[in-house]
>>> print(open('input_23.txt').read())   # compact mmCIF, C-alpha atoms and all ligand atoms
# COMPACT_ATOMS: atom_id res chain seq x y z
CA MET E 1204 -4.83 19.93 28.07
CA SER E 1205 -6.75 18.83 24.99
CA THR E 1206 -9.37 16.12 24.45
CA ALA E 1207 -7.81 12.69 24.87
CA ARG E 1208 -7.46 10.68 21.65
CA ILE E 1209 -8.07 6.97 22.10
CA LEU E 1210 -7.19 4.45 19.41
CA LEU E 1211 -9.18 1.22 19.84
CA PHE E 1212 -7.79 -1.68 17.87
CA ASP E 1213 -9.09 -5.15 16.98
CA SER E 1214 -8.79 -7.57 14.08
CA GLY E 1215 -12.41 -6.84 13.25
CA MET E 1216 -15.66 -5.72 14.80
CA GLY E 1217 -15.27 -7.36 18.22
CA GLY E 1218 -13.52 -4.35 19.69
CA LEU E 1219 -16.80 -2.47 19.26
CA THR E 1220 -17.96 -4.16 22.48
CA VAL E 1221 -15.04 -2.48 24.24
CA ALA E 1222 -15.64 0.81 22.39
CA ARG E 1223 -19.22 0.81 23.67
CA ALA E 1224 -18.01 0.50 27.26
CA VAL E 1225 -15.33 3.17 26.76
CA ARG E 1226 -17.95 5.60 25.36
CA HIS E 1227 -20.07 4.96 28.42
CA GLU E 1228 -17.19 5.50 30.86
CA LEU E 1229 -15.58 8.43 28.99
CA PRO E 1230 -18.24 10.24 26.94
CA PHE E 1231 -16.07 13.24 26.01
CA VAL E 1232 -13.00 11.62 24.48
CA HIS E 1233 -11.94 11.54 20.82
CA LEU E 1234 -12.42 7.92 19.67
CA VAL E 1235 -10.89 6.33 16.61
CA TYR E 1236 -11.59 2.66 15.90
CA ALA E 1237 -9.22 0.58 13.79
CA ALA E 1238 -9.72 -2.96 12.49
CA ASP E 1239 -7.20 -5.10 10.66
CA ASN E 1240 -9.94 -6.47 8.46
CA ALA E 1241 -7.38 -7.47 5.80
CA ALA E 1242 -6.00 -10.04 8.25
CA PHE E 1243 -9.22 -11.10 10.02
CA PRO E 1244 -9.56 -13.56 11.73
CA TYR E 1245 -6.43 -13.35 13.90
CA GLY E 1246 -7.46 -16.55 15.70
CA ALA E 1247 -6.19 -18.67 12.82
CA TRP E 1248 -2.74 -17.03 12.44
CA ALA E 1249 0.62 -18.55 13.45
CA GLU E 1250 2.29 -16.63 16.28
CA THR E 1251 5.42 -15.18 14.67
CA ALA E 1252 3.62 -13.93 11.57
CA LEU E 1253 0.85 -12.44 13.70
CA VAL E 1254 3.23 -10.49 15.93
CA ARG E 1255 4.95 -9.08 12.84
CA ARG E 1256 1.60 -8.13 11.33
CA ILE E 1257 0.34 -6.42 14.50
CA LEU E 1258 3.56 -4.41 14.96
CA GLY E 1259 3.47 -3.29 11.31
CA VAL E 1260 -0.18 -2.25 11.42
CA MET E 1261 0.26 -0.49 14.76
CA ALA E 1262 3.17 1.57 13.41
CA GLU E 1263 0.91 2.88 10.62
CA LEU E 1264 -2.00 3.51 12.96
CA ILE E 1265 0.04 5.41 15.52
CA ALA E 1266 1.55 7.53 12.75
CA ARG E 1267 -1.93 8.31 11.43
CA VAL E 1268 -3.85 8.85 14.69
CA ASP E 1269 -1.17 10.16 17.08
CA PRO E 1270 -3.14 8.71 20.02
CA ASP E 1271 -2.70 9.49 23.72
CA ILE E 1272 -3.53 5.88 24.53
CA VAL E 1273 -4.07 2.66 22.56
CA VAL E 1274 -6.58 0.00 23.60
CA ILE E 1275 -5.86 -3.44 22.17
CA ALA E 1276 -9.49 -4.56 22.21
CA CYS E 1277 -8.53 -8.07 21.16
CA ASN E 1278 -7.50 -11.02 23.32
CA THR E 1279 -5.78 -12.80 20.44
CA ALA E 1280 -3.51 -9.79 19.83
CA SER E 1281 -2.99 -8.85 23.49
CA THR E 1282 -1.94 -12.33 24.63
CA ILE E 1283 0.75 -12.50 21.95
CA ALA E 1284 1.93 -8.94 21.33
CA LEU E 1285 1.21 -6.64 24.26
CA ALA E 1286 4.72 -6.77 25.71
CA GLN E 1287 6.33 -6.08 22.34
CA LEU E 1288 3.91 -3.27 21.57
CA ARG E 1289 4.82 -1.60 24.87
CA ASP E 1290 8.53 -2.05 24.14
CA THR E 1291 8.23 -0.69 20.61
CA PHE E 1292 5.98 2.37 20.90
CA GLY E 1293 6.12 5.24 23.34
CA VAL E 1294 2.36 5.29 23.96
CA PRO E 1295 0.48 3.69 26.89
CA PHE E 1296 -1.33 0.48 25.92
CA VAL E 1297 -4.30 -1.12 27.65
CA GLY E 1298 -4.82 -4.74 26.63
CA THR E 1299 -7.62 -7.27 26.84
CA VAL E 1300 -6.88 -10.74 28.19
CA PRO E 1301 -9.29 -13.53 29.20
CA ALA E 1302 -11.05 -12.66 32.49
CA ILE E 1303 -9.91 -15.84 34.24
CA LYS E 1304 -9.15 -14.12 37.55
CA PRO E 1305 -12.70 -12.75 38.10
CA ALA E 1306 -14.21 -16.02 36.87
CA ALA E 1307 -12.21 -17.99 39.42
CA ALA E 1308 -13.35 -15.56 42.12
CA GLN E 1309 -17.04 -15.85 41.11
CA THR E 1310 -17.51 -19.56 40.49
CA LYS E 1311 -19.42 -21.50 43.12
CA SER E 1312 -19.11 -24.90 41.48
CA GLY E 1313 -15.38 -24.59 40.83
CA ILE E 1314 -15.87 -25.31 37.12
CA ILE E 1315 -15.31 -22.40 34.76
CA GLY E 1316 -15.46 -22.28 30.98
CA VAL E 1317 -13.28 -20.11 28.78
CA LEU E 1318 -14.42 -19.43 25.23
CA ALA E 1319 -11.71 -17.85 23.09
CA THR E 1320 -10.12 -18.07 19.66
CA PRO E 1321 -7.90 -21.04 18.80
CA GLY E 1322 -4.92 -18.65 18.99
CA THR E 1323 -5.74 -17.37 22.49
CA VAL E 1324 -6.19 -20.86 23.96
CA ARG E 1325 -2.75 -21.89 22.68
CA ARG E 1326 -0.97 -18.92 24.30
CA GLU E 1327 1.40 -19.33 27.20
CA TYR E 1328 -0.11 -16.09 28.54
CA THR E 1329 -3.49 -17.81 28.92
CA GLN E 1330 -1.93 -20.84 30.59
CA THR E 1331 -0.15 -18.54 33.04
CA LEU E 1332 -3.44 -16.81 33.92
CA ILE E 1333 -4.98 -20.20 34.68
CA HIS E 1334 -1.97 -21.29 36.70
CA ASP E 1335 -1.79 -18.05 38.70
CA PHE E 1336 -5.49 -17.40 39.37
CA ALA E 1337 -7.52 -20.57 38.78
CA ALA E 1338 -5.32 -23.39 40.02
CA HIS E 1339 -8.11 -24.38 42.43
CA CYS E 1340 -10.68 -24.64 39.63
CA ARG E 1341 -11.40 -26.98 36.78
CA VAL E 1342 -10.98 -24.81 33.67
CA GLU E 1343 -12.58 -25.89 30.40
CA LEU E 1344 -10.69 -23.94 27.76
CA HIS E 1345 -12.12 -24.05 24.25
CA GLY E 1346 -10.79 -22.50 21.04
CA ALA E 1347 -13.95 -21.84 19.04
CA PRO E 1348 -13.08 -21.82 15.35
CA ARG E 1349 -16.09 -19.93 13.99
CA LEU E 1350 -17.60 -17.80 16.76
CA ALA E 1351 -15.87 -14.52 15.83
CA GLU E 1352 -17.04 -14.79 12.25
CA MET E 1353 -20.57 -15.62 13.39
CA ALA E 1354 -20.56 -12.45 15.50
CA GLU E 1355 -19.40 -10.35 12.53
CA ARG E 1356 -22.11 -11.82 10.30
CA LYS E 1357 -24.71 -11.01 12.94
CA LEU E 1358 -23.60 -7.36 13.05
CA LYS E 1359 -23.96 -7.26 9.28
CA GLY E 1360 -27.58 -8.38 9.65
CA VAL E 1361 -27.30 -12.14 8.98
CA ALA E 1362 -29.36 -14.37 11.33
CA VAL E 1363 -27.23 -16.49 13.67
CA ASP E 1364 -27.31 -20.25 12.99
CA LEU E 1365 -28.32 -21.37 16.48
CA ALA E 1366 -27.42 -25.04 15.95
CA ALA E 1367 -23.90 -24.05 14.84
CA LEU E 1368 -23.62 -21.66 17.81
CA LYS E 1369 -24.57 -24.44 20.20
CA ASP E 1370 -21.83 -26.67 18.74
CA GLU E 1371 -19.26 -23.90 19.18
CA ILE E 1372 -20.00 -23.36 22.86
CA SER E 1373 -20.96 -26.80 24.17
CA PRO E 1374 -17.39 -27.97 25.05
CA VAL E 1375 -17.26 -25.50 27.97
CA PHE E 1376 -20.46 -26.82 29.52
CA VAL E 1377 -19.42 -29.80 31.63
CA GLU E 1378 -20.95 -31.76 34.47
CA ALA E 1379 -18.76 -33.74 36.83
CA GLY E 1380 -19.27 -35.16 40.29
CA GLY E 1381 -22.65 -33.46 40.71
CA ARG E 1382 -21.23 -30.03 39.79
CA ARG E 1383 -21.35 -28.13 36.54
CA THR E 1384 -19.90 -25.09 34.80
CA ASP E 1385 -21.41 -21.94 36.30
CA VAL E 1386 -19.21 -19.13 34.90
CA VAL E 1387 -18.07 -18.72 31.28
CA VAL E 1388 -15.39 -16.21 30.29
CA LEU E 1389 -15.99 -14.52 26.95
CA GLY E 1390 -12.31 -14.50 26.00
CA CYS E 1391 -12.74 -12.84 22.62
CA THR E 1392 -14.17 -9.37 22.24
CA HIS E 1393 -16.48 -10.55 19.46
CA TYR E 1394 -18.45 -12.89 21.69
CA PRO E 1395 -20.47 -10.37 23.73
CA LEU E 1396 -22.10 -9.44 20.40
CA LEU E 1397 -23.82 -12.85 20.62
CA THR E 1398 -25.17 -12.53 24.16
CA ASP E 1399 -28.86 -12.85 23.19
CA GLU E 1400 -28.24 -15.95 21.11
CA LEU E 1401 -26.02 -17.52 23.77
CA ALA E 1402 -28.93 -17.32 26.18
CA LYS E 1403 -31.07 -19.26 23.67
CA VAL E 1404 -28.68 -22.19 23.18
CA GLU E 1405 -26.87 -22.60 26.50
CA PRO E 1406 -27.51 -26.07 27.97
CA TRP E 1407 -28.13 -24.41 31.36
CA VAL E 1408 -27.91 -20.90 32.74
CA VAL E 1409 -24.38 -19.65 33.44
CA ARG E 1410 -22.85 -16.26 34.18
CA TYR E 1411 -20.90 -14.86 31.20
CA ILE E 1412 -18.01 -12.53 31.91
CA ASP E 1413 -17.60 -9.70 29.40
CA PRO E 1414 -14.44 -7.82 30.33
CA ALA E 1415 -15.41 -4.60 28.50
CA PRO E 1416 -16.58 -2.54 31.52
CA ALA E 1417 -13.40 -3.40 33.44
CA ILE E 1418 -11.26 -2.45 30.45
CA ALA E 1419 -13.07 0.87 30.13
CA ARG E 1420 -12.39 1.61 33.82
CA ARG E 1421 -8.73 0.73 33.29
CA VAL E 1422 -8.58 3.13 30.31
CA ALA E 1423 -10.04 5.90 32.49
CA ASP E 1424 -7.43 5.18 35.18
CA VAL E 1425 -4.52 5.23 32.76
CA LEU E 1426 -5.80 8.40 31.09
CA GLY E 1427 -5.83 10.04 34.50
CA SER E 1428 -2.04 9.97 34.49
CA VAL E 1429 -1.52 10.90 30.84
CA VAL E 1430 -0.94 14.51 29.82
CA THR E 1431 -3.05 14.84 26.67
CA ARG E 1432 -1.80 17.09 23.91
CA PRO E 1433 -3.19 18.45 20.65
CA PRO E 1434 -2.24 16.29 17.64
CA GLY E 1435 0.93 17.28 15.84
CA ARG E 1436 -0.90 17.05 12.50
CA GLU E 1437 -4.33 16.47 11.00
CA VAL E 1438 -5.75 13.22 12.40
CA PRO E 1439 -8.93 11.22 11.69
CA PRO E 1440 -11.92 12.91 13.35
CA HIS E 1441 -13.80 11.58 16.38
CA ASN E 1442 -15.87 8.49 15.44
CA SER E 1443 -13.65 7.49 12.53
CA VAL E 1444 -13.18 3.84 11.62
CA LEU E 1445 -9.90 2.90 9.94
CA LEU E 1446 -9.80 -0.36 8.01
CA THR E 1447 -6.64 -1.97 6.63
CA SER E 1448 -8.30 -3.08 3.41
CA ARG E 1449 -11.16 -2.20 1.16
CA ARG E 1450 -11.98 -5.87 0.55
CA PRO E 1451 -15.61 -6.41 -0.47
CA GLU E 1452 -16.64 -7.47 3.05
CA ALA E 1453 -15.46 -4.08 4.28
CA GLU E 1454 -18.25 -2.29 2.44
CA ASP E 1455 -20.82 -4.63 4.06
CA ALA E 1456 -19.36 -3.85 7.46
CA LEU E 1457 -19.64 -0.05 7.21
CA PRO E 1458 -23.34 0.17 8.21
CA ALA E 1459 -22.59 -1.97 11.28
CA TYR E 1460 -19.71 0.30 12.30
CA ALA E 1461 -21.95 3.31 11.75
CA LYS E 1462 -24.66 1.77 13.94
CA MET E 1463 -22.10 1.47 16.74
CA GLY E 1464 -21.18 5.16 16.31
CA PHE E 1465 -18.18 4.92 13.96
CA HIS E 1466 -19.53 6.46 10.80
CA LEU E 1467 -16.45 8.06 9.21
CA PRO E 1468 -14.54 5.35 7.29
CA GLU E 1469 -10.98 5.53 6.04
CA PHE E 1470 -9.04 2.76 4.22
CA LEU E 1471 -5.33 2.26 4.75
CA GLY E 1472 -4.36 -0.15 1.96
CA MET E 1473 -2.45 -2.67 4.09
CA ALA E 1474 -3.39 -5.93 2.38
CA VAL E 1475 -1.85 -9.11 3.80
N1 LIG W 1 -11.76 -10.10 18.74
C1 LIG W 1 -10.59 -10.90 18.79
C2 LIG W 1 -10.28 -11.35 20.22
O1 LIG W 1 -10.68 -10.72 21.19
C3 LIG W 1 -10.35 -12.04 17.85
C4 LIG W 1 -11.12 -12.39 16.65
C5 LIG W 1 -10.22 -12.97 15.56
O2 LIG W 1 -9.68 -12.16 14.81
O3 LIG W 1 -10.04 -14.20 15.49
O4 LIG W 1 -9.61 -12.32 20.43
>>> encode(input="input_23.txt", output="structure tokens", more="lines below")
Ligand code: DGL
Amino acid sequence: MSTARILLFDSGMGGLTVARAVRHELPFVHLVYAADNAAFPYGAWAETALVRRILGVMAELIARVDPDIVVIACNTASTIALAQLRDTFGVPFVGTVPAIKPAAAQTKSGIIGVLATPGTVRREYTQTLIHDFAAHCRVELHGAPRLAEMAERKLKGVAVDLAALKDEISPVFVEAGGRRTDVVVLGCTHYPLLTDELAKVEPWVVRYIDPAPAIARRVADVLGSVVTRPPGREVPPHNSVLLTSRRPEAEDALPAYAKMGFHLPEFLGMAV
């Protein structure tokens, strides 16, 4: 058996919140992070084009990294493409979908908020989660147009505009019949990067659900049944970050990736 190679994938820097939890759960694995920064943000893409893009990028990444397991650390990608990724590639995938089931189990008021990208809130997958696990709750689902980009700017060192943040989150805070939202699902992996600022602008205190620790446990479980093997060729070293484009913003992002432990950049030249 060799060290397990894990490919963590997101449209941008949000998957770093999942990477952090995976490092904590599995400190001795070989981690490679990949971001489709050429296509960021995924939240604004139409479904058919996005599925095609994700399948194309994943083919390149799997060829380059030869992973034992792939973590789709992105709700917007998982809710649209997970089934097709599993059908297309012979590698185990762990996805990230909005944590509606635990939220429905934890709410006392019966009102839960779901913050996600505009793409994720439109997905049938998300509606099915609500139908299957939260039918007894009032679910305030909000597609936040700018939150993911605000989180990326924060990681690059730009101060968060708190008034704009408050506008982005306020639709999930509702009061009705003497009850109010008490649990909010962070349904985009970028949002836990804004936890400190969320606490400053929330209209009242709620519990936020960051799915990253549960995803990391799931990765450990799946790895337990995977026979790891040495790569068939030279692959990016542990702590590499693969970006699909060298657009100017990419250079600004490198210090942030390095701060989160991914300090070996590689560019793939997969412009949109
Ligand atoms: N981090 C991604 C997610 O979990 C989406 C951000 C985006 O590209 O819009 O949904």
>>> residues_near_ligand(input="input_23.txt", ligand="ligand LIG 1 (chain W)", cutoff="8 Å", atoms="all atoms listed in the file", output="JSON, numbers by chain")
{"E": [1213, 1214, 1215, 1216, 1217, 1218, 1242, 1243, 1244, 1245, 1246, 1247, 1276, 1277, 1278, 1279, 1280, 1299, 1300, 1319, 1320, 1321, 1322, 1323, 1351, 1352, 1390, 1391, 1392, 1393, 1394]}
>>> closest_residue(input="input_23.txt", among="E:Arg1356, E:Arg1382, E:Arg1289, E:Arg1255", to="Thr1310 in chain E", atoms="all atoms listed in the file")
E:Arg1382
>>> residues_around(input="input_23.txt", residues="Leu1401 in chain E", least_positions_apart="2", cutoff="9 Å", atoms="all atoms listed in the file", output="PyMOL selection string")
chain E and resi 1365+1368-1369+1372+1397-1399+1403-1405
>>> residues_around(input="input_23.txt", residues="range 1231-1240 of chain E", least_positions_apart="2", cutoff="7 Å", atoms="only C-alpha atoms", output="number ranges by chain")
E: 1206-1216, 1229, 1242-1243, 1441-1448
>>> atom_distance(input="input_23.txt", atom1="CA of Arg1226 in chain E", atom2="CA of Pro1295 in chain E")
18.6 Å
